[in-house]
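Okay, coords21.pdb is below, PDB, C-alpha atoms, pLDDT in the B column:
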```
ATOM      1  CA  MET A   1      -0.973 -45.638  16.567  1.00 48.00           C
ATOM      2  CA  ARG A   2      -4.032 -47.380  15.104  1.00 49.00           C
ATOM      3  CA  ASP A   3      -6.347 -45.180  17.180  1.00 50.00           C
ATOM      4  CA  PHE A   4      -4.588 -42.097  15.881  1.00 45.00           C
ATOM      5  CA  LYS A   5      -4.959 -43.251  12.279  1.00 49.00           C
ATOM      6  CA  ASN A   6      -8.634 -43.964  12.767  1.00 50.00           C
ATOM      7  CA  GLY A   7      -9.120 -40.579  14.406  1.00 50.00           C
ATOM      8  CA  PHE A   8      -7.190 -38.878  11.624  1.00 47.00           C
ATOM      9  CA  LEU A   9      -9.321 -40.501   8.934  1.00 47.00           C
ATOM     10  CA  PHE A  10     -12.476 -39.590  10.831  1.00 44.00           C
ATOM     11  CA  LEU A  11     -11.411 -35.947  10.984  1.00 45.00           C
ATOM     12  CA  PHE A  12     -10.584 -36.036   7.296  1.00 44.00           C
ATOM     13  CA  LEU A  13     -14.050 -37.264   6.395  1.00 42.00           C
ATOM     14  CA  LEU A  14     -15.822 -34.982   8.873  1.00 41.00           C
ATOM     15  CA  PHE A  15     -13.913 -31.806   7.956  1.00 40.00           C
ATOM     16  CA  PHE A  16     -13.187 -32.506   4.305  1.00 40.00           C
ATOM     17  CA  SER A  17     -13.449 -28.857   3.395  1.00 39.00           C
ATOM     18  CA  LEU A  18     -10.687 -28.020   5.889  1.00 42.00           C
ATOM     19  CA  GLN A  19      -8.286 -30.705   4.719  1.00 48.00           C
ATOM     20  CA  GLY A  20      -5.720 -30.836   1.962  1.00 49.00           C
ATOM     21  CA  TRP A  21      -6.255 -33.851  -0.280  1.00 47.00           C
ATOM     22  CA  ALA A  22      -3.858 -34.440  -3.152  1.00 49.00           C
ATOM     23  CA  GLY A  23      -4.936 -37.929  -4.232  1.00 58.00           C
ATOM     24  CA  SER A  24      -1.898 -39.805  -2.931  1.00 81.00           C
ATOM     25  CA  PHE A  25      -1.624 -38.188   0.522  1.00 91.00           C
ATOM     26  CA  MET A  26      -3.507 -35.889   2.903  1.00 92.00           C
ATOM     27  CA  VAL A  27      -2.449 -33.159   5.300  1.00 94.00           C
ATOM     28  CA  TYR A  28      -3.953 -31.539   8.385  1.00 93.00           C
ATOM     29  CA  PRO A  29      -4.393 -28.666   9.184  1.00 94.00           C
ATOM     30  CA  VAL A  30      -4.375 -26.610   5.987  1.00 93.00           C
ATOM     31  CA  LYS A  31      -3.655 -23.311   7.781  1.00 95.00           C
ATOM     32  CA  ILE A  32      -1.062 -22.591  10.482  1.00 97.00           C
ATOM     33  CA  TYR A  33      -1.470 -19.730  12.973  1.00 97.00           C
ATOM     34  CA  LEU A  34       1.493 -18.627  15.100  1.00 97.00           C
ATOM     35  CA  ASP A  35       2.012 -15.684  17.471  1.00 94.00           C
ATOM     36  CA  SER A  36       4.244 -14.449  20.305  1.00 88.00           C
ATOM     37  CA  LYS A  37       2.876 -17.121  22.651  1.00 89.00           C
ATOM     38  CA  LYS A  38       2.569 -19.962  20.164  1.00 93.00           C
ATOM     39  CA  LYS A  39       5.761 -19.818  18.144  1.00 93.00           C
ATOM     40  CA  SER A  40       5.633 -23.345  16.736  1.00 97.00           C
ATOM     41  CA  GLY A  41       3.142 -25.651  15.086  1.00 97.00           C
ATOM     42  CA  GLU A  42       2.948 -28.834  13.069  1.00 97.00           C
ATOM     43  CA  ILE A  43       1.487 -30.338   9.927  1.00 97.00           C
ATOM     44  CA  ARG A  44       0.511 -34.006   9.872  1.00 96.00           C
ATOM     45  CA  VAL A  45       0.940 -35.901   6.615  1.00 96.00           C
ATOM     46  CA  TYR A  46      -0.840 -39.215   6.125  1.00 95.00           C
ATOM     47  CA  ASN A  47      -0.273 -41.831   3.416  1.00 94.00           C
ATOM     48  CA  PRO A  48      -3.488 -43.835   2.821  1.00 91.00           C
ATOM     49  CA  GLN A  49      -1.985 -45.945   0.050  1.00 89.00           C
ATOM     50  CA  LYS A  50      -0.564 -49.453  -0.029  1.00 90.00           C
ATOM     51  CA  ARG A  51       2.789 -48.179  -1.293  1.00 89.00           C
ATOM     52  CA  SER A  52       5.475 -45.980   0.209  1.00 91.00           C
ATOM     53  CA  ILE A  53       5.721 -42.378  -0.955  1.00 92.00           C
ATOM     54  CA  TYR A  54       8.445 -39.739  -0.716  1.00 93.00           C
ATOM     55  CA  ILE A  55       7.610 -36.170   0.283  1.00 95.00           C
ATOM     56  CA  GLN A  56       9.477 -32.889  -0.187  1.00 95.00           C
ATOM     57  CA  VAL A  57       8.697 -29.889   2.034  1.00 97.00           C
ATOM     58  CA  GLY A  58       9.570 -26.296   1.137  1.00 96.00           C
ATOM     59  CA  GLY A  59       8.532 -22.763   1.975  1.00 96.00           C
ATOM     60  CA  TYR A  60       8.732 -19.103   1.032  1.00 96.00           C
ATOM     61  CA  SER A  61       7.691 -15.689   2.299  1.00 97.00           C
ATOM     62  CA  TRP A  62       4.350 -14.582   0.916  1.00 97.00           C
ATOM     63  CA  GLU A  63       3.544 -10.914   0.367  1.00 96.00           C
ATOM     64  CA  GLN A  64       1.208  -8.986  -1.904  1.00 95.00           C
ATOM     65  CA  ASN A  65       1.834  -5.765  -3.749  1.00 87.00           C
ATOM     66  CA  LYS A  66      -0.580  -2.839  -3.504  1.00 78.00           C
ATOM     67  CA  ASN A  67      -2.774  -4.434  -6.169  1.00 80.00           C
ATOM     68  CA  GLY A  68      -3.002  -7.781  -4.424  1.00 86.00           C
ATOM     69  CA  LYS A  69      -0.627  -9.728  -6.684  1.00 90.00           C
ATOM     70  CA  PRO A  70       1.549 -12.269  -4.820  1.00 94.00           C
ATOM     71  CA  ILE A  71       5.259 -11.715  -4.200  1.00 95.00           C
ATOM     72  CA  TYR A  72       7.368 -14.687  -3.091  1.00 96.00           C
ATOM     73  CA  SER A  73      10.851 -14.680  -1.566  1.00 96.00           C
ATOM     74  CA  GLU A  74      13.083 -16.583   0.840  1.00 95.00           C
ATOM     75  CA  PRO A  75      11.255 -17.557   4.082  1.00 95.00           C
ATOM     76  CA  LYS A  76      13.307 -15.465   6.514  1.00 92.00           C
ATOM     77  CA  GLY A  77      12.403 -16.183  10.126  1.00 95.00           C
ATOM     78  CA  LEU A  78      10.557 -19.438   9.418  1.00 97.00           C
ATOM     79  CA  VAL A  79      12.045 -22.831  10.247  1.00 96.00           C
ATOM     80  CA  PHE A  80      10.518 -26.157   9.183  1.00 96.00           C
ATOM     81  CA  PHE A  81      11.708 -29.773   9.243  1.00 96.00           C
ATOM     82  CA  PRO A  82      12.114 -32.384   7.955  1.00 97.00           C
ATOM     83  CA  LYS A  83      12.433 -31.209   4.378  1.00 96.00           C
ATOM     84  CA  MET A  84      12.462 -34.717   2.951  1.00 96.00           C
ATOM     85  CA  LEU A  85      10.580 -37.691   4.335  1.00 94.00           C
ATOM     86  CA  LYS A  86       9.390 -41.162   3.472  1.00 94.00           C
ATOM     87  CA  LEU A  87       5.908 -42.324   4.380  1.00 94.00           C
ATOM     88  CA  GLU A  88       5.329 -46.053   4.664  1.00 95.00           C
ATOM     89  CA  PRO A  89       1.898 -47.404   3.637  1.00 94.00           C
ATOM     90  CA  LYS A  90      -0.924 -46.389   5.997  1.00 94.00           C
ATOM     91  CA  SER A  91       1.456 -44.281   8.101  1.00 96.00           C
ATOM     92  CA  GLU A  92       1.779 -40.635   9.172  1.00 96.00           C
ATOM     93  CA  ARG A  93       4.609 -38.183   9.797  1.00 96.00           C
ATOM     94  CA  VAL A  94       4.794 -34.760  11.426  1.00 97.00           C
ATOM     95  CA  ILE A  95       6.335 -31.648   9.871  1.00 97.00           C
ATOM     96  CA  ARG A  96       7.321 -29.124  12.551  1.00 97.00           C
ATOM     97  CA  ILE A  97       7.193 -25.372  11.898  1.00 97.00           C
ATOM     98  CA  ALA A  98       8.568 -22.526  14.053  1.00 98.00           C
ATOM     99  CA  TYR A  99       8.940 -18.771  13.801  1.00 96.00           C
ATOM    100  CA  LYS A 100      12.384 -17.508  14.881  1.00 94.00           C
ATOM    101  CA  GLY A 101      12.145 -13.915  13.716  1.00 89.00           C
ATOM    102  CA  GLU A 102      11.716 -10.546  15.393  1.00 90.00           C
ATOM    103  CA  LYS A 103       8.643  -9.148  17.146  1.00 91.00           C
ATOM    104  CA  LEU A 104       6.116  -7.928  14.626  1.00 95.00           C
ATOM    105  CA  LYS A 105       3.993  -4.813  14.243  1.00 95.00           C
ATOM    106  CA  VAL A 106       2.311  -6.234  11.138  1.00 97.00           C
ATOM    107  CA  GLU A 107       1.469  -9.866  10.444  1.00 98.00           C
ATOM    108  CA  ARG A 108       4.079 -11.864   8.558  1.00 97.00           C
ATOM    109  CA  THR A 109       2.870 -14.491   6.104  1.00 98.00           C
ATOM    110  CA  TYR A 110       4.459 -17.551   4.532  1.00 98.00           C
ATOM    111  CA  ARG A 111       3.469 -20.517   2.421  1.00 97.00           C
ATOM    112  CA  ILE A 112       4.571 -24.097   3.021  1.00 97.00           C
ATOM    113  CA  PHE A 113       4.310 -26.648   0.231  1.00 95.00           C
ATOM    114  CA  VAL A 114       4.134 -30.408   0.658  1.00 95.00           C
ATOM    115  CA  ARG A 115       4.895 -32.256  -2.568  1.00 94.00           C
ATOM    116  CA  GLU A 116       5.156 -35.904  -3.502  1.00 92.00           C
ATOM    117  CA  ILE A 117       8.355 -36.877  -5.289  1.00 90.00           C
ATOM    118  CA  PRO A 118       7.451 -39.290  -8.095  1.00 83.00           C
ATOM    119  CA  VAL A 119       9.516 -42.461  -8.129  1.00 75.00           C
ATOM    120  CA  SER A 120       9.590 -44.444 -11.369  1.00 68.00           C
ATOM    121  CA  LYS A 121      10.506 -48.092 -11.576  1.00 66.00           C
ATOM    122  CA  PRO A 122      13.048 -49.214 -14.198  1.00 64.00           C
ATOM    123  CA  GLY A 123      11.304 -49.643 -17.535  1.00 61.00           C
ATOM    124  CA  ASP A 124       8.185 -47.790 -16.387  1.00 61.00           C
ATOM    125  CA  LYS A 125       6.893 -45.713 -19.318  1.00 58.00           C
ATOM    126  CA  LYS A 126       3.928 -44.153 -17.515  1.00 62.00           C
ATOM    127  CA  ILE A 127       3.919 -40.384 -16.941  1.00 56.00           C
ATOM    128  CA  THR A 128       3.893 -39.584 -13.216  1.00 61.00           C
ATOM    129  CA  ILE A 129       2.467 -36.248 -12.055  1.00 63.00           C
ATOM    130  CA  ALA A 130       3.905 -34.723  -8.885  1.00 71.00           C
ATOM    131  CA  LEU A 131       1.112 -33.757  -6.494  1.00 81.00           C
ATOM    132  CA  LYS A 132       1.458 -30.648  -4.322  1.00 88.00           C
ATOM    133  CA  ILE A 133      -0.437 -28.970  -1.481  1.00 92.00           C
ATOM    134  CA  ASP A 134       0.258 -25.325  -0.630  1.00 93.00           C
ATOM    135  CA  LEU A 135      -0.511 -24.159   2.933  1.00 96.00           C
ATOM    136  CA  PRO A 136      -0.533 -20.620   4.388  1.00 97.00           C
ATOM    137  CA  VAL A 137       1.308 -19.772   7.618  1.00 98.00           C
ATOM    138  CA  PHE A 138       0.256 -16.634   9.508  1.00 98.00           C
ATOM    139  CA  VAL A 139       2.447 -15.114  12.236  1.00 98.00           C
ATOM    140  CA  ALA A 140       0.393 -12.578  14.196  1.00 97.00           C
ATOM    141  CA  PRO A 141       1.779  -9.240  15.452  1.00 96.00           C
ATOM    142  CA  GLU A 142       1.583  -8.165  19.093  1.00 93.00           C
ATOM    143  CA  ASN A 143      -1.353  -5.834  18.421  1.00 95.00           C
ATOM    144  CA  ILE A 144      -4.065  -7.203  16.153  1.00 96.00           C
ATOM    145  CA  LYS A 145      -6.214  -4.755  14.209  1.00 96.00           C
ATOM    146  CA  ARG A 146      -8.797  -6.009  11.715  1.00 96.00           C
ATOM    147  CA  SER A 147      -9.957  -3.320   9.325  1.00 97.00           C
ATOM    148  CA  PHE A 148     -10.652  -2.829   5.632  1.00 98.00           C
ATOM    149  CA  GLU A 149     -12.087  -0.228   3.278  1.00 98.00           C
ATOM    150  CA  ILE A 150     -14.428  -0.501   0.288  1.00 98.00           C
ATOM    151  CA  LYS A 151     -13.649   2.311  -2.127  1.00 96.00           C
ATOM    152  CA  ASP A 152     -13.168   3.644  -5.665  1.00 96.00           C
ATOM    153  CA  LEU A 153     -16.316   2.502  -7.473  1.00 95.00           C
ATOM    154  CA  LYS A 154     -15.939   2.406 -11.263  1.00 94.00           C
ATOM    155  CA  VAL A 155     -18.685   1.823 -13.842  1.00 94.00           C
ATOM    156  CA  GLU A 156     -17.501   1.287 -17.388  1.00 90.00           C
ATOM    157  CA  SER A 157     -18.130  -0.940 -20.396  1.00 86.00           C
ATOM    158  CA  GLY A 158     -20.838  -3.025 -18.749  1.00 88.00           C
ATOM    159  CA  LYS A 159     -18.778  -3.664 -15.605  1.00 94.00           C
ATOM    160  CA  MET A 160     -18.810  -2.418 -12.011  1.00 96.00           C
ATOM    161  CA  SER A 161     -15.768  -2.658  -9.781  1.00 96.00           C
ATOM    162  CA  VAL A 162     -14.547  -1.617  -6.333  1.00 97.00           C
ATOM    163  CA  ASP A 163     -11.318  -1.867  -4.365  1.00 97.00           C
ATOM    164  CA  VAL A 164     -11.187  -3.713  -1.058  1.00 97.00           C
ATOM    165  CA  LYS A 165      -8.147  -2.461   0.857  1.00 96.00           C
ATOM    166  CA  ASN A 166      -6.801  -4.122   3.983  1.00 97.00           C
ATOM    167  CA  SER A 167      -5.999  -1.271   6.397  1.00 96.00           C
ATOM    168  CA  GLY A 168      -5.434  -3.561   9.399  1.00 97.00           C
ATOM    169  CA  SER A 169      -2.387  -5.323  10.839  1.00 98.00           C
ATOM    170  CA  VAL A 170      -3.453  -8.891   9.906  1.00 98.00           C
ATOM    171  CA  HIS A 171      -4.821 -10.603   6.798  1.00 97.00           C
ATOM    172  CA  ILE A 172      -8.477 -10.759   5.895  1.00 97.00           C
ATOM    173  CA  MET A 173     -10.141 -13.658   4.116  1.00 97.00           C
ATOM    174  CA  VAL A 174     -12.945 -12.326   1.905  1.00 97.00           C
ATOM    175  CA  LYS A 175     -15.659 -14.975   1.914  1.00 97.00           C
ATOM    176  CA  GLU A 176     -18.307 -13.128  -0.071  1.00 98.00           C
ATOM    177  CA  ILE A 177     -18.961  -9.787  -1.745  1.00 98.00           C
ATOM    178  CA  SER A 178     -22.617  -8.851  -2.192  1.00 98.00           C
ATOM    179  CA  TRP A 179     -23.632  -6.251  -4.793  1.00 98.00           C
ATOM    180  CA  ARG A 180     -27.140  -4.743  -4.657  1.00 98.00           C
ATOM    181  CA  GLY A 181     -28.323  -2.019  -7.009  1.00 97.00           C
ATOM    182  CA  PHE A 182     -31.270   0.330  -6.387  1.00 98.00           C
ATOM    183  CA  ASP A 183     -33.190   2.727  -8.567  1.00 96.00           C
ATOM    184  CA  ARG A 184     -34.292   6.273  -7.615  1.00 95.00           C
ATOM    185  CA  ASN A 185     -37.299   4.793  -5.747  1.00 96.00           C
ATOM    186  CA  GLN A 186     -35.051   2.449  -3.760  1.00 96.00           C
ATOM    187  CA  LYS A 187     -36.333  -0.627  -5.589  1.00 97.00           C
ATOM    188  CA  GLU A 188     -33.751  -3.330  -6.125  1.00 98.00           C
ATOM    189  CA  THR A 189     -32.461  -3.483  -9.693  1.00 97.00           C
ATOM    190  CA  PHE A 190     -30.017  -6.380  -9.357  1.00 97.00           C
ATOM    191  CA  HIS A 191     -28.285  -8.556  -6.774  1.00 98.00           C
ATOM    192  CA  LYS A 192     -25.048 -10.496  -7.299  1.00 97.00           C
ATOM    193  CA  ASN A 193     -22.663 -12.380  -5.020  1.00 98.00           C
ATOM    194  CA  ILE A 194     -19.046 -13.252  -5.763  1.00 97.00           C
ATOM    195  CA  ARG A 195     -16.292 -14.998  -3.817  1.00 96.00           C
ATOM    196  CA  GLY A 196     -13.040 -13.434  -2.641  1.00 95.00           C
ATOM    197  CA  TRP A 197      -9.675 -14.563  -1.264  1.00 94.00           C
ATOM    198  CA  TYR A 198      -6.902 -13.446   1.075  1.00 96.00           C
ATOM    199  CA  ILE A 199      -5.888  -9.798   1.223  1.00 97.00           C
ATOM    200  CA  LEU A 200      -2.719  -9.246   3.243  1.00 97.00           C
ATOM    201  CA  PRO A 201      -2.039  -6.110   5.355  1.00 96.00           C
ATOM    202  CA  GLY A 202      -1.526  -2.990   3.231  1.00 94.00           C
ATOM    203  CA  ALA A 203      -2.681  -4.681   0.022  1.00 95.00           C
ATOM    204  CA  LYS A 204      -5.865  -4.178  -1.970  1.00 95.00           C
ATOM    205  CA  LYS A 205      -7.827  -6.192  -4.492  1.00 95.00           C
ATOM    206  CA  ARG A 206     -10.170  -4.930  -7.198  1.00 95.00           C
ATOM    207  CA  TYR A 207     -13.343  -6.977  -7.580  1.00 96.00           C
ATOM    208  CA  VAL A 208     -15.371  -6.784 -10.773  1.00 96.00           C
ATOM    209  CA  ILE A 209     -18.862  -7.866 -11.848  1.00 96.00           C
ATOM    210  CA  ASN A 210     -20.630  -7.779 -15.208  1.00 95.00           C
ATOM    211  CA  ILE A 211     -23.933  -5.934 -15.338  1.00 93.00           C
ATOM    212  CA  GLY A 212     -26.553  -5.735 -18.085  1.00 93.00           C
ATOM    213  CA  SER A 213     -27.156  -2.447 -19.854  1.00 92.00           C
ATOM    214  CA  LYS A 214     -30.780  -2.255 -18.667  1.00 93.00           C
ATOM    215  CA  GLU A 215     -29.903  -2.823 -14.984  1.00 94.00           C
ATOM    216  CA  CYS A 216     -26.974  -0.420 -15.210  1.00 93.00           C
ATOM    217  CA  LYS A 217     -29.130   2.406 -16.592  1.00 92.00           C
ATOM    218  CA  ARG A 218     -31.876   1.897 -13.988  1.00 94.00           C
ATOM    219  CA  THR A 219     -29.446   1.799 -11.063  1.00 96.00           C
ATOM    220  CA  THR A 220     -28.765   5.052  -9.233  1.00 95.00           C
ATOM    221  CA  SER A 221     -27.123   3.705  -6.055  1.00 97.00           C
ATOM    222  CA  LEU A 222     -25.148   0.624  -5.127  1.00 97.00           C
ATOM    223  CA  GLU A 223     -24.610  -1.213  -1.841  1.00 98.00           C
ATOM    224  CA  VAL A 224     -21.465  -3.344  -1.634  1.00 98.00           C
ATOM    225  CA  LYS A 225     -21.202  -5.618   1.400  1.00 98.00           C
ATOM    226  CA  VAL A 226     -17.967  -7.485   2.112  1.00 98.00           C
ATOM    227  CA  LYS A 227     -18.076 -10.442   4.473  1.00 98.00           C
ATOM    228  CA  THR A 228     -14.799 -11.811   5.866  1.00 97.00           C
ATOM    229  CA  GLU A 229     -14.057 -14.620   8.321  1.00 94.00           C
ATOM    230  CA  LYS A 230     -14.140 -12.206  11.273  1.00 92.00           C
ATOM    231  CA  ILE A 231     -15.960  -8.999  10.302  1.00 95.00           C
ATOM    232  CA  GLU A 232     -18.256  -7.583   7.651  1.00 96.00           C
ATOM    233  CA  LYS A 233     -18.754  -4.097   6.311  1.00 97.00           C
ATOM    234  CA  SER A 234     -20.890  -2.344   3.704  1.00 97.00           C
ATOM    235  CA  SER A 235     -20.614   0.870   1.705  1.00 97.00           C
ATOM    236  CA  ILE A 236     -23.198   2.822  -0.293  1.00 97.00           C
ATOM    237  CA  PHE A 237     -22.180   4.459  -3.577  1.00 97.00           C
ATOM    238  CA  SER A 238     -24.063   6.894  -5.812  1.00 95.00           C
ATOM    239  CA  LEU A 239     -23.544   6.028  -9.452  1.00 93.00           C
ATOM    240  CA  PRO A 240     -22.243   8.800 -11.695  1.00 88.00           C
ATOM    241  CA  LYS A 241     -24.882  10.210 -14.042  1.00 84.00           C
ATOM    242  CA  LYS A 242     -22.504   9.926 -16.972  1.00 81.00           C
ATOM    243  CA  ARG A 243     -21.474   6.297 -17.234  1.00 82.00           C
ATOM    244  CA  VAL A 244     -20.877   3.719 -19.963  1.00 78.00           C
ATOM    245  CA  CYS A 245     -23.385   0.910 -19.413  1.00 85.00           C
ATOM    246  CA  SER A 246     -22.844  -1.099 -22.603  1.00 74.00           C
ATOM    247  CA  GLN A 247     -19.832  -3.152 -23.562  1.00 64.00           C
TER     248      GLN A 247
END
```
Encoded form (structure tokens):
Amino acid sequence: MRDFKNGFLFLFLLFFSLQGWAGSFMVYPVKIYLDSKKKSGEIRVYNPQKRSIYIQVGGYSWEQNKNGKPIYSEPKGLVFFPKMLKLEPKSERVIRIAYKGEKLKVERTYRIFVREIPVSKPGDKKITIALKIDLPVFVAPENIKRSFEIKDLKVESGKMSVDVKNSGSVHIMVKEISWRGFDRNQKETFHKNIRGWYILPGAKKRYVINIGSKECKRTTSLEVKVKTEKIEKSSIFSLPKKRVCSQ
């Protein structure tokens, strides 16, 4: 068990960006991928403290509407246990997750939360904050198609915006969106990068940047490049001659 703990802590330090760290406990991994061959997985929870802690585990279905806003509901098809657990000091426990639903044509997505239950001692007047880590669970369909579209450029009131629509059968994770403007001589007028997030199948997200009046007026064409975890794509837009460049 000691070797496992040491290995767990080493992974936590080495892959800090991939871990969930909530101050009083840590979890690994922070994403779960299931499919028709791998229908179950697990989350490891480790208590690095010198006191025992109590953990609650819950879950819900995670969808997005056509504009990318989250919709949460009961986690049909997903099973996870235990839902309550106690972690002794310097110990770890395993939360098991399984998909028991039907075969899928489009990816199904869930979120699992792991939350500490604050325990107050008699007479304790300190305010205790419950810490929580939220983890995505992705259940892949039989046929995986990764595809997205960059469309519907708008220029108004000192802002530029485009829609990124997921036209595939699985989620995309937008890592970066690069915006490059060019004048009529193809000289670069501006260059901006912004970060994105998950877009689930069938959903879209509008991304917006601010642009100065001078750069907006000089720009005649725009290249928008979207980079995801798996693929990247770019689109070229011609800016409308009549546009509002000032706020």
Residue members of the PyMOL selection byres ((chain A and resi 157-174) around 6) in the file shown, as JSON, numbers by chain: {"A": [106, 107, 144, 145, 146, 147, 148, 149, 150, 151, 152, 153, 154, 155, 156, 175, 176, 196, 197, 198, 199, 200, 201, 202, 203, 204, 205, 206, 207, 208, 209, 210, 211, 228, 229, 244, 245, 246, 247]}
For A:Thr109: contacts at 6 Å, only C-alpha atoms, fewer than 3 positions along chain excluded, given as a ChimeraX atom specification: /A:62,137-138
Picked residues, the PyMOL selection byres ((chain A and resi 223) around 12), expected as a ChimeraX atom specification: /A:150-151,153,160-162,177-183,186,188-193,219-222,224-226,233-239
Answer as a list in words, residues within 7 Å of (5.5, -38.4, -1.5) using all atoms listed in the file: Ile53, Tyr54, Ile55, Gln56, Lys86, Arg115, Glu116, Ile117 and Pro118 of chain A
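Excluding A:Ile95 itself and any same-chain residue fewer than 3 positions from it, the protein and nucleic acid residues within 7 Å of it, counting only C-alpha atoms, are A:Glu42, A:Ile43, A:Arg44, A:Phe80, A:Phe81, A:Pro82.
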Any chance you could export the current selection's C-alpha atoms as a compact mmCIF listing (two decimals), in the coordinates of the input?
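Below is the file that was written, again22.txt:
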```txt
# COMPACT_ATOMS: atom_id res chain seq x y z
CA GLU A 42 2.95 -28.83 13.07
CA ILE A 43 1.49 -30.34 9.93
CA ARG A 44 0.51 -34.01 9.87
CA PHE A 80 10.52 -26.16 9.18
CA PHE A 81 11.71 -29.77 9.24
CA PRO A 82 12.11 -32.38 7.96
```
Residue among A:Val57, A:Lys187, A:Ala140, A:Ile112 lying closest to A:Glu215, counting all atoms listed in the file: A:Lys187
Contact residues around A:Ser61 with only C-alpha atoms at 6 Å, ignoring same-chain residues under 5 positions, as a VMD selection string: chain A and resid 72 to 75 110
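Atom CA of A:Leu87 sits 9.7 Å away from atom CA of A:Gln49.
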